[in-house]
Amino acid sequence: MRGIRRMRMRPTRQRCVLTDCEWCARQDLTCRFCEGSGWWRPEQPRRDGNGVIDWVRVEETCRMCAGTGKEHNPLKQPSGT
């Protein structure tokens with residue numbers, strides 16, 4: 001694919017912005033959106049000088065886990081909780 005550049009992934013955050021987050025305290029569930037990395041690389045449209053739309057990869061903090069790499073909204077509660 002055109003426009004993809006390899007970027008070095010940065011470390012995950014220890015906690016999200018919530019002071020008493022029950023999900024940040026857990027270690028057993030990795031985020032299903034970023035697979036525990038805390039970062040994801042979506043594609044973003046870009047228009048060149050001729051008006052042609054191209055796609056480029058951008059690196060962003062995972063919005064679903066706030067960059068912690070820990071699942072913050074599982075589809076179901078794990079057994080035993």
# chains A, B, ... in the order shown; residues from 1 in each chain; ligands from 1

call {"tool": "residues_around", "arguments": {"residues": "range 24-32 of chain A", "least_positions_apart": "2", "cutoff": "9 Å", "atoms": "only C-alpha atoms", "output": "PyMOL selection string"}}
result
chain A and resi 14-16+18+20-22+34-38+64-65+68-74+78

call {"tool": "write_last_selection", "arguments": {"atoms": "C-alpha atoms", "output": "short mmCIF file (atom, residue, chain, number, x, y, z; two decimals), in the first residue's frame"}}
result
data_model
loop_
_atom_site.label_atom_id
_atom_site.label_comp_id
_atom_site.auth_asym_id
_atom_site.auth_seq_id
_atom_site.Cartn_x
_atom_site.Cartn_y
_atom_site.Cartn_z
CA GLN A 14 -0.23 2.90 33.36
CA ARG A 15 -3.76 4.21 33.92
CA CYS A 16 -6.54 6.08 32.14
CA LEU A 18 -10.27 7.98 35.86
CA ASP A 20 -10.67 4.76 40.53
CA CYS A 21 -10.91 2.81 37.29
CA GLU A 22 -11.76 -0.85 37.89
CA CYS A 34 -5.25 -2.43 19.90
CA GLU A 35 -4.37 -5.98 21.05
CA GLY A 36 -2.73 -4.60 24.18
CA SER A 37 -0.28 -2.22 22.51
CA GLY A 38 -2.12 0.97 23.56
CA MET A 64 -10.99 2.44 23.45
CA CYS A 65 -8.52 1.77 26.27
CA THR A 68 -3.41 1.51 28.59
CA GLY A 69 -3.62 -1.67 26.52
CA LYS A 70 -6.19 -2.99 29.02
CA GLU A 71 -9.77 -3.77 28.03
CA HIS A 72 -12.09 -1.07 29.37
CA ASN A 73 -15.45 -2.26 28.11
CA PRO A 74 -15.56 -6.01 27.58
CA PRO A 78 -15.00 -12.60 32.66
#
